[in-house]
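S.K.: Take a look at data-v1.cif, mmCIF, C-alpha atoms and all ligand atoms:
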```
data_protein
#
loop_
_atom_site.label_atom_id
_atom_site.label_comp_id
_atom_site.auth_asym_id
_atom_site.auth_seq_id
_atom_site.Cartn_x
_atom_site.Cartn_y
_atom_site.Cartn_z
CA MET A 1 25.81 -1.08 12.48
CA LYS A 2 25.62 -2.94 9.15
CA VAL A 3 22.48 -4.96 8.46
CA PRO A 4 22.94 -8.03 6.23
CA GLN A 5 21.46 -7.48 2.77
CA PRO A 6 20.19 -10.80 1.47
CA ASN A 7 18.76 -9.74 -1.88
CA ALA A 8 18.67 -7.18 -4.64
CA ALA A 9 15.39 -5.63 -3.52
CA MET A 10 16.97 -4.78 -0.19
CA LEU A 11 20.22 -3.55 -1.70
CA GLN A 12 18.33 -0.96 -3.60
CA GLN A 13 16.09 0.14 -0.78
CA LEU A 14 18.42 0.22 2.21
CA ASP A 15 21.44 2.49 2.46
CA ALA A 16 24.91 1.34 3.55
CA ASP A 17 23.87 1.64 7.22
CA GLY A 18 20.77 -0.49 6.70
CA ARG A 19 18.42 2.50 6.81
CA LEU A 20 15.44 2.68 4.52
CA GLN A 21 16.27 4.95 1.61
CA HIS A 22 13.66 4.00 -0.97
CA LEU A 23 10.41 2.10 -0.57
CA ILE A 24 9.49 0.39 -3.82
CA ASN A 25 8.57 -3.09 -2.65
CA LEU A 26 8.10 -4.88 0.68
CA GLU A 27 9.65 -8.09 -0.64
CA GLY A 28 12.78 -8.94 1.32
CA LEU A 29 12.54 -6.10 3.82
CA PRO A 30 13.59 -7.26 7.28
CA ARG A 31 10.77 -7.99 9.70
CA ALA A 32 12.40 -5.74 12.31
CA LEU A 33 12.29 -2.78 9.92
CA ILE A 34 8.62 -3.40 9.13
CA GLU A 35 7.82 -3.67 12.82
CA ARG A 36 9.70 -0.44 13.55
CA LEU A 37 7.64 1.36 10.90
CA LEU A 38 4.38 -0.02 12.32
CA ASN A 39 5.38 0.92 15.86
CA ARG A 40 6.26 4.43 14.79
CA ALA A 41 3.02 4.76 12.80
CA GLN A 42 1.06 3.68 15.86
CA GLN A 43 2.54 6.65 17.76
CA PHE A 44 0.99 9.01 15.19
CA ILE A 45 -2.55 7.69 15.69
CA ARG A 46 -4.96 10.07 17.42
CA PRO A 47 -8.68 9.61 18.06
CA LEU A 48 -10.92 11.09 15.37
CA GLY A 49 -11.98 14.58 16.43
CA ALA A 50 -8.71 15.19 18.32
CA PRO A 51 -5.99 17.31 16.67
CA PRO A 52 -3.85 15.12 14.40
CA ALA A 53 -0.27 14.28 15.36
CA ARG A 54 2.18 16.89 14.12
CA SER A 55 5.87 17.55 14.35
CA SER A 56 8.53 19.59 12.64
CA ALA A 57 10.66 16.51 11.94
CA LEU A 58 10.63 17.20 8.18
CA ALA A 59 11.12 20.98 8.37
CA GLY A 60 13.26 21.94 5.37
CA VAL A 61 12.49 18.69 3.52
CA THR A 62 10.62 18.93 0.21
CA VAL A 63 8.27 16.16 -0.95
CA ALA A 64 6.91 15.89 -4.51
CA ASN A 65 3.85 13.75 -5.26
CA LEU A 66 3.94 12.61 -8.88
CA PHE A 67 0.79 10.65 -9.67
CA GLY A 68 0.28 8.95 -13.02
CA GLU A 69 -2.92 7.14 -12.03
CA PRO A 70 -6.04 8.28 -10.13
CA SER A 71 -5.83 8.34 -6.36
CA THR A 72 -7.85 9.65 -3.43
CA ARG A 73 -6.59 7.96 -0.27
CA THR A 74 -2.94 7.41 -1.13
CA ARG A 75 -2.33 10.83 -2.58
CA GLY A 76 -4.30 12.70 0.09
CA SER A 77 -2.60 10.84 2.90
CA PHE A 78 0.92 11.24 1.51
CA GLU A 79 0.31 14.97 1.26
CA LEU A 80 -1.17 15.24 4.75
CA ALA A 81 1.58 13.06 6.20
CA ALA A 82 4.29 15.29 4.71
CA ARG A 83 2.59 18.51 5.78
CA ARG A 84 1.91 17.27 9.31
CA LEU A 85 5.64 16.61 9.65
CA GLY A 86 6.43 20.14 8.49
CA ALA A 87 7.67 19.37 4.93
CA ASP A 88 7.12 21.51 1.84
CA VAL A 89 4.94 19.62 -0.65
CA ILE A 90 4.24 19.89 -4.35
CA ASN A 91 1.68 17.79 -6.21
CA LEU A 92 1.96 17.05 -9.90
CA GLU A 93 -0.60 15.23 -12.01
CA VAL A 94 1.30 13.39 -14.71
CA HIS A 95 -1.40 14.10 -17.32
CA LEU A 96 -1.07 17.84 -16.62
CA SER A 97 2.75 17.85 -16.39
CA SER A 98 5.28 18.07 -19.20
CA ARG A 99 5.35 14.29 -19.42
CA SER A 100 2.16 14.65 -21.45
CA LYS A 101 4.22 16.78 -23.87
CA GLY A 102 6.75 14.00 -24.37
CA GLU A 103 9.20 14.68 -21.54
CA THR A 104 10.83 11.48 -20.27
CA ILE A 105 10.28 10.39 -16.68
CA LEU A 106 13.94 11.01 -15.88
CA ASP A 107 13.81 14.55 -17.28
CA THR A 108 10.77 15.21 -15.08
CA VAL A 109 12.61 13.77 -12.09
CA TYR A 110 15.78 15.77 -12.76
CA THR A 111 13.65 18.90 -13.10
CA LEU A 112 12.13 18.23 -9.69
CA GLN A 113 15.55 17.46 -8.26
CA SER A 114 16.78 20.85 -9.45
CA MET A 115 14.04 22.39 -7.33
CA GLN A 116 15.65 20.66 -4.32
CA ILE A 117 13.14 17.88 -3.96
CA ASP A 118 14.26 15.34 -1.33
CA VAL A 119 11.46 12.76 -1.54
CA LEU A 120 9.63 11.70 -4.67
CA VAL A 121 6.34 9.87 -4.14
CA MET A 122 5.21 8.25 -7.36
CA ARG A 123 2.27 6.26 -8.66
CA GLU A 124 2.87 4.60 -11.99
CA ALA A 125 0.87 2.37 -14.30
CA GLU A 126 4.04 1.00 -15.88
CA SER A 127 5.96 -1.81 -14.15
CA GLY A 128 9.54 -1.08 -13.13
CA VAL A 129 9.42 2.72 -13.26
CA PRO A 130 9.77 3.54 -9.53
CA GLY A 131 12.80 1.23 -9.24
CA TYR A 132 14.31 2.71 -12.40
CA VAL A 133 13.87 6.23 -11.02
CA ALA A 134 15.33 5.20 -7.64
CA ARG A 135 18.48 4.01 -9.43
CA HIS A 136 18.88 7.37 -11.17
CA VAL A 137 18.12 9.98 -8.51
CA ALA A 138 20.79 11.89 -6.60
CA PRO A 139 22.07 9.99 -3.54
CA HIS A 140 20.16 12.14 -1.04
CA VAL A 141 16.79 11.68 -2.81
CA SER A 142 14.33 8.98 -1.75
CA VAL A 143 11.74 7.40 -4.01
CA LEU A 144 8.52 6.05 -2.47
CA SER A 145 6.14 3.99 -4.53
CA ALA A 146 2.50 4.99 -4.13
CA GLY A 147 1.46 2.08 -6.36
CA GLU A 148 3.27 0.45 -9.27
CA SER A 149 1.18 -1.25 -11.93
CA HIS A 150 -0.30 -4.49 -10.54
CA LEU A 151 2.95 -5.22 -8.71
CA SER A 152 3.42 -3.25 -5.57
CA HIS A 153 1.84 -0.78 -3.17
CA PRO A 154 4.13 -0.96 -0.16
CA THR A 155 2.57 1.68 2.10
CA GLN A 156 -0.84 0.03 1.59
CA GLY A 157 0.70 -3.29 2.67
CA LEU A 158 2.02 -1.61 5.81
CA LEU A 159 -1.24 0.13 6.67
CA ASP A 160 -3.16 -3.12 6.19
CA ALA A 161 -0.73 -4.88 8.52
CA LEU A 162 -1.09 -2.10 11.09
CA THR A 163 -4.90 -2.32 10.92
CA ILE A 164 -4.82 -6.08 11.44
CA ARG A 165 -2.41 -5.73 14.34
CA GLN A 166 -4.62 -3.12 16.01
CA CYS A 167 -7.73 -5.30 15.65
CA LYS A 168 -6.25 -8.72 16.30
CA GLY A 169 -3.17 -8.04 18.43
CA GLY A 170 -0.78 -10.06 16.24
CA PHE A 171 -0.45 -12.24 13.17
CA GLN A 172 0.69 -15.71 14.13
CA LYS A 173 -2.66 -17.34 14.75
CA LEU A 174 -4.56 -15.53 12.04
CA SER A 175 -6.23 -16.81 8.96
CA VAL A 176 -6.63 -14.12 6.30
CA ALA A 177 -8.69 -14.33 3.09
CA ILE A 178 -7.82 -12.00 0.22
CA VAL A 179 -10.84 -11.99 -2.06
CA GLY A 180 -11.52 -10.77 -5.58
CA ASP A 181 -9.32 -9.58 -8.39
CA VAL A 182 -6.09 -10.81 -6.84
CA ALA A 183 -4.43 -11.24 -10.25
CA HIS A 184 -4.37 -7.50 -10.96
CA SER A 185 -4.03 -6.22 -7.39
CA ARG A 186 -0.84 -4.54 -6.22
CA VAL A 187 -2.50 -4.21 -2.81
CA ALA A 188 -2.91 -7.98 -2.52
CA ARG A 189 0.76 -8.52 -3.37
CA SER A 190 2.10 -5.95 -0.92
CA THR A 191 -0.25 -6.90 1.90
CA PHE A 192 0.64 -10.55 1.41
CA GLN A 193 4.35 -9.67 1.57
CA ALA A 194 3.85 -7.64 4.74
CA LEU A 195 1.82 -10.39 6.42
CA ASN A 196 4.34 -13.02 5.39
CA ALA A 197 7.22 -11.00 6.82
CA LEU A 198 5.28 -10.60 10.06
CA GLY A 199 4.67 -14.33 10.40
CA VAL A 200 0.96 -14.58 9.59
CA GLY A 201 -0.70 -17.93 10.29
CA ALA A 202 -2.31 -18.57 6.89
CA VAL A 203 -3.39 -16.59 3.84
CA ARG A 204 -6.02 -17.85 1.40
CA ILE A 205 -6.60 -16.27 -1.93
CA VAL A 206 -10.14 -16.46 -3.18
CA ALA A 207 -10.92 -15.53 -6.77
CA PRO A 208 -12.69 -16.73 -9.91
CA PRO A 209 -10.26 -18.58 -12.19
CA ALA A 210 -9.81 -15.57 -14.50
CA LEU A 211 -8.76 -13.34 -11.60
CA MET A 212 -6.49 -15.83 -9.84
CA PRO A 213 -2.74 -15.03 -10.04
CA GLY A 214 -0.30 -17.53 -11.55
CA PRO A 215 1.12 -20.36 -9.43
CA GLU A 216 4.55 -18.69 -9.23
CA GLU A 217 3.08 -15.98 -7.00
CA PHE A 218 1.54 -16.01 -3.51
CA SER A 219 3.48 -19.10 -2.61
CA GLY A 220 2.17 -21.06 0.35
CA CYS A 221 -1.37 -19.67 -0.01
CA GLU A 222 -4.38 -21.90 -0.30
CA ARG A 223 -6.30 -21.00 -3.48
CA LEU A 224 -10.09 -21.21 -3.64
CA HIS A 225 -12.63 -20.38 -6.32
CA SER A 226 -15.61 -20.24 -3.96
CA LEU A 227 -16.25 -17.28 -1.69
CA GLU A 228 -18.24 -19.42 0.76
CA GLN A 229 -15.38 -21.87 1.18
CA GLY A 230 -12.76 -19.15 1.06
CA ILE A 231 -14.02 -17.11 4.00
CA ARG A 232 -15.17 -19.99 6.20
CA GLY A 233 -13.64 -19.58 9.66
CA VAL A 234 -11.27 -16.74 8.77
CA ASP A 235 -10.30 -13.84 11.07
CA VAL A 236 -9.72 -11.25 8.35
CA ILE A 237 -11.43 -10.76 4.99
CA MET A 238 -9.82 -8.38 2.56
CA MET A 239 -12.06 -7.48 -0.37
CA LEU A 240 -10.66 -6.12 -3.63
CA ARG A 241 -12.05 -4.07 -6.49
CA ILE A 242 -12.05 -5.47 -10.04
CA GLN A 243 -9.18 -3.59 -11.70
CA LYS A 244 -10.96 -2.86 -14.97
CA GLU A 245 -8.18 -0.54 -16.08
CA ARG A 246 -5.77 -3.50 -16.17
CA MET A 247 -8.01 -5.72 -18.34
CA SER A 248 -9.26 -5.67 -21.87
CA GLU A 249 -12.93 -4.73 -22.06
CA SER A 250 -14.01 -8.21 -23.13
CA THR A 251 -12.58 -9.83 -19.98
CA VAL A 252 -14.16 -7.48 -17.41
CA PRO A 253 -16.73 -9.45 -15.39
CA VAL A 254 -20.29 -8.10 -15.36
CA GLY A 255 -20.93 -6.43 -11.99
CA ALA A 256 -24.25 -8.11 -11.14
CA ASN A 257 -22.99 -11.59 -12.08
CA TYR A 258 -19.84 -11.04 -10.11
CA PHE A 259 -21.76 -9.89 -7.04
CA ARG A 260 -23.90 -13.03 -7.14
CA GLU A 261 -20.80 -15.23 -6.86
CA PHE A 262 -18.18 -13.08 -5.19
CA GLY A 263 -19.97 -10.20 -3.49
CA LEU A 264 -19.58 -10.10 0.28
CA THR A 265 -23.06 -10.11 1.80
CA TYR A 266 -24.32 -10.42 5.35
CA GLU A 267 -25.23 -14.12 4.87
CA ARG A 268 -21.78 -14.93 3.58
CA LEU A 269 -19.98 -12.93 6.24
CA ARG A 270 -21.56 -15.21 8.86
CA LEU A 271 -19.35 -18.04 7.54
CA ALA A 272 -16.24 -16.25 8.85
CA LYS A 273 -15.40 -16.09 12.57
CA PRO A 274 -17.99 -14.01 14.47
CA ASP A 275 -15.34 -11.37 15.23
CA ALA A 276 -13.86 -11.35 11.73
CA ILE A 277 -12.92 -7.95 10.37
CA VAL A 278 -13.67 -6.77 6.83
CA MET A 279 -11.06 -4.70 5.01
CA HIS A 280 -11.01 -2.97 1.64
CA PRO A 281 -8.26 -0.69 0.32
CA GLY A 282 -10.78 1.49 -1.51
CA PRO A 283 -12.11 2.63 -3.86
CA MET A 284 -15.08 0.30 -3.25
CA ASN A 285 -17.61 -0.66 -5.85
CA ARG A 286 -20.67 -1.20 -3.70
CA GLY A 287 -22.93 -3.89 -5.08
CA VAL A 288 -20.07 -5.42 -7.08
CA GLU A 289 -17.56 -6.86 -4.58
CA ILE A 290 -19.20 -5.70 -1.36
CA ASP A 291 -22.69 -5.03 -0.07
CA SER A 292 -23.26 -1.62 1.53
CA GLU A 293 -24.56 -3.32 4.65
CA ILE A 294 -21.11 -4.84 5.16
CA ALA A 295 -19.09 -1.83 4.04
CA ASP A 296 -20.86 0.34 6.62
CA GLY A 297 -21.41 -2.42 9.18
CA PRO A 298 -19.82 -3.11 12.56
CA GLN A 299 -17.21 -5.55 11.24
CA SER A 300 -15.87 -3.11 8.63
CA VAL A 301 -12.52 -1.48 9.44
CA ILE A 302 -12.30 0.31 6.11
CA GLN A 303 -12.21 3.82 7.58
CA GLN A 304 -9.64 2.71 10.16
CA GLN A 305 -7.42 1.64 7.24
CA VAL A 306 -7.64 5.16 5.85
CA THR A 307 -6.69 6.71 9.19
CA ASN A 308 -3.76 4.32 9.43
CA GLY A 309 -2.66 5.31 5.94
CA VAL A 310 -1.70 8.80 7.09
CA ALA A 311 0.17 7.44 10.13
CA VAL A 312 2.08 4.84 8.10
CA ARG A 313 3.10 7.42 5.50
CA MET A 314 4.32 9.73 8.28
CA ALA A 315 6.46 6.88 9.65
CA VAL A 316 7.86 6.09 6.20
CA LEU A 317 8.62 9.74 5.39
CA GLU A 318 10.37 10.13 8.72
CA ALA A 319 12.40 6.96 8.16
CA VAL A 320 13.60 7.75 4.63
CA THR A 321 14.69 11.27 5.56
CA GLU A 322 16.53 10.23 8.70
CA GLY A 323 19.94 10.12 7.00
CA LEU A 324 19.36 13.39 5.17
CA ARG A 325 18.30 15.17 8.34
CA ARG A 326 21.29 13.74 10.21
CA ASP A 327 23.65 15.08 7.49
CA TRP A 328 22.03 18.51 7.68
CA ASN A 329 22.43 18.56 11.46
CA ARG A 330 26.10 17.69 11.11
CA ALA A 331 26.79 20.40 8.50
C1 LIG B 401 -5.78 0.76 -4.55
C2 LIG B 401 -4.75 1.05 -5.61
O1 LIG B 401 -4.70 2.13 -6.19
O2 LIG B 401 -3.97 0.17 -5.80
N1 LIG B 401 -6.26 1.83 -3.85
C3 LIG B 401 -5.50 2.43 -2.88
O3 LIG B 401 -4.41 2.85 -3.10
N2 LIG B 401 -6.04 2.53 -1.65
C4 LIG B 401 -6.77 -0.25 -4.94
C5 LIG B 401 -7.59 -0.05 -6.16
O4 LIG B 401 -7.39 0.86 -6.96
O5 LIG B 401 -8.50 -0.86 -6.34
#
```
Any chance you could put this one into C-alpha cells?
Ligand code: NCD

M.R.:
Amino acid sequence: MKVPQPNAAMLQQLDADGRLQHLINLEGLPRALIERLLNRAQQFIRPLGAPPARSSALAGVTVANLFGEPSTRTRGSFELAARRLGADVINLEVHLSSRSKGETILDTVYTLQSMQIDVLVMREAESGVPGYVARHVAPHVSVLSAGESHLSHPTQGLLDALTIRQCKGGFQKLSVAIVGDVAHSRVARSTFQALNALGVGAVRIVAPPALMPGPEEFSGCERLHSLEQGIRGVDVIMMLRIQKERMSESTVPVGANYFREFGLTYERLRLAKPDAIVMHPGPMNRGVEIDSEIADGPQSVIQQQVTNGVAVRMAVLEAVTEGLRRDWNRA
C-alpha cells in the first residue's frame, strides 16, 4: 500500500512502501506512523527490576553508533535497544575515529558500510549532516539521528510523547510548557513536532528573550518571558538545560541569576496543575534550571523518560529494519 508523501522530509525518510527508512526529523511524519512507534515502544516496557524485553528480531543486523557530541542517555539506550533485539553493535567516538585525522564523514560512513553495517545512528554538532549521509548511504542502510545540532532529536521527541501519553492518557486536552533555552534545543523542536502531530491542546514556550527562538519557529505556541506566567495551570512542564556549547561565552547566562528567574522550584511548581508532571531530557544542571527537590520529587518523570528511551529506540530500530529483514527472509 502506498502512503501519500506530502513533503520532502517524508520523501527522504519513508521508502516507496511508506515504511520508515531513515529517522532524521519528525517534521511531516504521519501521525499514524508516530502512533505505531509509540504503541510498539509501549510493548517493550517492563517494570524496573524485571528482566528487560528482549527478542531476536534484529539477529544478523549490525548497528553502528557514531557520536560526535557527548551523550549518556541517548547513546546508552541506542546500544541497549540494539543489543536487546539481538543486533551486533559497534560504537565509535568521532574524536577517537579517523575523522579526527581528516577523514570525511562520507569516507567514514563508506568504511562502516563495507563492514556490513545496516543501521547508522549518528549524533552531529553540524546541521544537515544526518540528512546528507542518509542521501548517500546504500539503499539497504538506515540513518537514525541521535541529535543534530540545535535542530532535531527525533527519538527524544518520541520518548517525550510516550511519557506524556503514559502519564496523561492522551494529548488533546493538554497544556504543555517548554521552559528554558528553547532557542538552542533540538529536544524542544522534536518534542514540539511530536506533540503537534499527535494533536496536543496547547504548547507554551517560556524563555528569557535571549533564549527564545525566532518567530518563524514553534508556530501556534504562546510565548512567555516569565516562568510564573508560563507554567500557570499547565499539565506538563518540560525543563531544558542551557546549551552553553551552542553559545559564545559572553552570552551564557550566569547560573545563579538564571535560577532566580527561571529555575523550577517547589513554590513555582504549585502554579501548575496539582497533578502536573515535570520532565527534563537530561543532562540536568541542578540549581540552574531545576531545584533538586523537584528533580527528585513526586511530580518528576525524568527517570521514566529514560526508561522510555530504550523502548522507543527498540521500536525505531525494529521499524527501520523491517524491509531489510523481509528481503533477507525472501532470499
Ligand atoms: C539532550 C541533547 O543531547 O540534545 N540530551 C539528550 O539527548 N537526552 C539535551 C541536552 O543536551 O541538554

S.K.: Using all atoms listed in the file, determine which residues fall within 10 Å of ligand LIG 401 (chain B), then list them as a ChimeraX atom specification.

M.R.: /A:69-75,123-125,146-157,159,181,184-188,190,239-245,280-285,305-306,309

S.K.: Could you save those same residues with C-alpha atoms as a PDB file, keeping the file's coordinate frame?

M.R.:
```
ATOM      1  CA  GLU A  69      -2.920   7.140 -12.030  1.00  0.00           C
ATOM      2  CA  PRO A  70      -6.040   8.280 -10.130  1.00  0.00           C
ATOM      3  CA  SER A  71      -5.830   8.340  -6.360  1.00  0.00           C
ATOM      4  CA  THR A  72      -7.850   9.650  -3.430  1.00  0.00           C
ATOM      5  CA  ARG A  73      -6.590   7.960  -0.270  1.00  0.00           C
ATOM      6  CA  THR A  74      -2.940   7.410  -1.130  1.00  0.00           C
ATOM      7  CA  ARG A  75      -2.330  10.830  -2.580  1.00  0.00           C
ATOM      8  CA  ARG A 123       2.270   6.260  -8.660  1.00  0.00           C
ATOM      9  CA  GLU A 124       2.870   4.600 -11.990  1.00  0.00           C
ATOM     10  CA  ALA A 125       0.870   2.370 -14.300  1.00  0.00           C
ATOM     11  CA  ALA A 146       2.500   4.990  -4.130  1.00  0.00           C
ATOM     12  CA  GLY A 147       1.460   2.080  -6.360  1.00  0.00           C
ATOM     13  CA  GLU A 148       3.270   0.450  -9.270  1.00  0.00           C
ATOM     14  CA  SER A 149       1.180  -1.250 -11.930  1.00  0.00           C
ATOM     15  CA  HIS A 150      -0.300  -4.490 -10.540  1.00  0.00           C
ATOM     16  CA  LEU A 151       2.950  -5.220  -8.710  1.00  0.00           C
ATOM     17  CA  SER A 152       3.420  -3.250  -5.570  1.00  0.00           C
ATOM     18  CA  HIS A 153       1.840  -0.780  -3.170  1.00  0.00           C
ATOM     19  CA  PRO A 154       4.130  -0.960  -0.160  1.00  0.00           C
ATOM     20  CA  THR A 155       2.570   1.680   2.100  1.00  0.00           C
ATOM     21  CA  GLN A 156      -0.840   0.030   1.590  1.00  0.00           C
ATOM     22  CA  GLY A 157       0.700  -3.290   2.670  1.00  0.00           C
ATOM     23  CA  LEU A 159      -1.240   0.130   6.670  1.00  0.00           C
ATOM     24  CA  ASP A 181      -9.320  -9.580  -8.390  1.00  0.00           C
ATOM     25  CA  HIS A 184      -4.370  -7.500 -10.960  1.00  0.00           C
ATOM     26  CA  SER A 185      -4.030  -6.220  -7.390  1.00  0.00           C
ATOM     27  CA  ARG A 186      -0.840  -4.540  -6.220  1.00  0.00           C
ATOM     28  CA  VAL A 187      -2.500  -4.210  -2.810  1.00  0.00           C
ATOM     29  CA  ALA A 188      -2.910  -7.980  -2.520  1.00  0.00           C
ATOM     30  CA  SER A 190       2.100  -5.950  -0.920  1.00  0.00           C
ATOM     31  CA  MET A 239     -12.060  -7.480  -0.370  1.00  0.00           C
ATOM     32  CA  LEU A 240     -10.660  -6.120  -3.630  1.00  0.00           C
ATOM     33  CA  ARG A 241     -12.050  -4.070  -6.490  1.00  0.00           C
ATOM     34  CA  ILE A 242     -12.050  -5.470 -10.040  1.00  0.00           C
ATOM     35  CA  GLN A 243      -9.180  -3.590 -11.700  1.00  0.00           C
ATOM     36  CA  LYS A 244     -10.960  -2.860 -14.970  1.00  0.00           C
ATOM     37  CA  GLU A 245      -8.180  -0.540 -16.080  1.00  0.00           C
ATOM     38  CA  HIS A 280     -11.010  -2.970   1.640  1.00  0.00           C
ATOM     39  CA  PRO A 281      -8.260  -0.690   0.320  1.00  0.00           C
ATOM     40  CA  GLY A 282     -10.780   1.490  -1.510  1.00  0.00           C
ATOM     41  CA  PRO A 283     -12.110   2.630  -3.860  1.00  0.00           C
ATOM     42  CA  MET A 284     -15.080   0.300  -3.250  1.00  0.00           C
ATOM     43  CA  ASN A 285     -17.610  -0.660  -5.850  1.00  0.00           C
ATOM     44  CA  GLN A 305      -7.420   1.640   7.240  1.00  0.00           C
ATOM     45  CA  VAL A 306      -7.640   5.160   5.850  1.00  0.00           C
ATOM     46  CA  GLY A 309      -2.660   5.310   5.940  1.00  0.00           C
TER      47      GLY A 309
END
```

S.K.: Measuring atom to atom with only C-alpha atoms, identify which of A:His22, A:Ala161, A:Leu195, A:His225 is nearest to Val182 (chain A).

M.R.: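 Using only C-alpha atoms, the shortest distance to Val182 (chain A) belongs to A:His225.
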
S.K.: Rank A:Val121, A:Ala272, A:Ile231, A:Val63 by their smallest atom-to-atom distance to Arg204 (chain A), using all atoms listed in the file, and report the top residue only.

M.R.: A:Ile231

S.K.: Do you have, as a Markdown table, the list of residues of region 47-166 of chain A lying at most 7 Å from region 310-315 of chain A, each with its nearest atom pair and that distance in Å to one decimal, counting all atoms listed in the file and ordered by chain then number?

M.R.:
```
| residue | atom | partner | partner_atom | distance |
| --- | --- | --- | --- | --- |
| A:Ser77 | CA | A:Val310 | CA | 4.7 |
| A:Phe78 | CA | A:Arg313 | CA | 5.9 |
| A:Leu80 | CA | A:Val310 | CA | 6.9 |
| A:Ala81 | CA | A:Met314 | CA | 4.8 |
| A:Ala82 | CA | A:Met314 | CA | 6.6 |
| A:Thr155 | CA | A:Arg313 | CA | 6.7 |
| A:Leu158 | CA | A:Val312 | CA | 6.8 |
| A:Leu159 | CA | A:Val312 | CA | 5.9 |
```

S.K.: I'd like a table as JSON lines: residues in region 180-201 of chain A with an atom no more than 12 Å from region 32-37 of chain A, each row giving the shortest atom pair and its distance in Å to one decimal, all atoms listed in the file counted, sorted by chain and rising residue number.

M.R.:
```
{"residue": "A:Thr191", "atom": "CA", "partner": "A:Ile34", "partner_atom": "CA", "distance": 12.0}
{"residue": "A:Gln193", "atom": "CA", "partner": "A:Ile34", "partner_atom": "CA", "distance": 10.7}
{"residue": "A:Ala194", "atom": "CA", "partner": "A:Ile34", "partner_atom": "CA", "distance": 7.7}
{"residue": "A:Leu195", "atom": "CA", "partner": "A:Ile34", "partner_atom": "CA", "distance": 10.1}
{"residue": "A:Asn196", "atom": "CA", "partner": "A:Ile34", "partner_atom": "CA", "distance": 11.2}
{"residue": "A:Ala197", "atom": "CA", "partner": "A:Ile34", "partner_atom": "CA", "distance": 8.1}
{"residue": "A:Leu198", "atom": "CA", "partner": "A:Glu35", "partner_atom": "CA", "distance": 7.9}
{"residue": "A:Gly199", "atom": "CA", "partner": "A:Glu35", "partner_atom": "CA", "distance": 11.4}
```

S.K.: Would you compute the distance between CA of Ala138 (chain A) and CA of Trp328 (chain A)? Give it in Å to one decimal.

M.R.: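 Between CA of Ala138 (chain A) and CA of Trp328 (chain A) the gap is 15.8 Å.
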
S.K.: Can you measure CA of Val206 (chain A) to CA of Pro298 (chain A) for me? One decimal in Å is fine.

M.R.: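 Separation between CA of Val206 (chain A) and CA of Pro298 (chain A): 22.8 Å.
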
S.K.: Kindly give the distance, in Å, that separates CA of Gly49 (chain A) and CA of Gly76 (chain A), rounded to a single decimal.

M.R.: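 The value is 18.2 Å.
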
S.K.: Can you list, as a PyMOL selection string, every protein, DNA or RNA residue that comes within 9 Å of Phe192 (chain A) when you count only C-alpha atoms, leaving out same-chain residues fewer than 6 positions away?

M.R.: chain A and resi 157+178+203+218

S.K.: Looking at A:Asp15, A:Leu227, A:Ile24, A:Asp160, which one is nearest to Gly128 (chain A), with distances taken over only C-alpha atoms?

M.R.: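 Looking only at the distances to Gly128 (chain A), the closest residue turns out to be A:Ile24.
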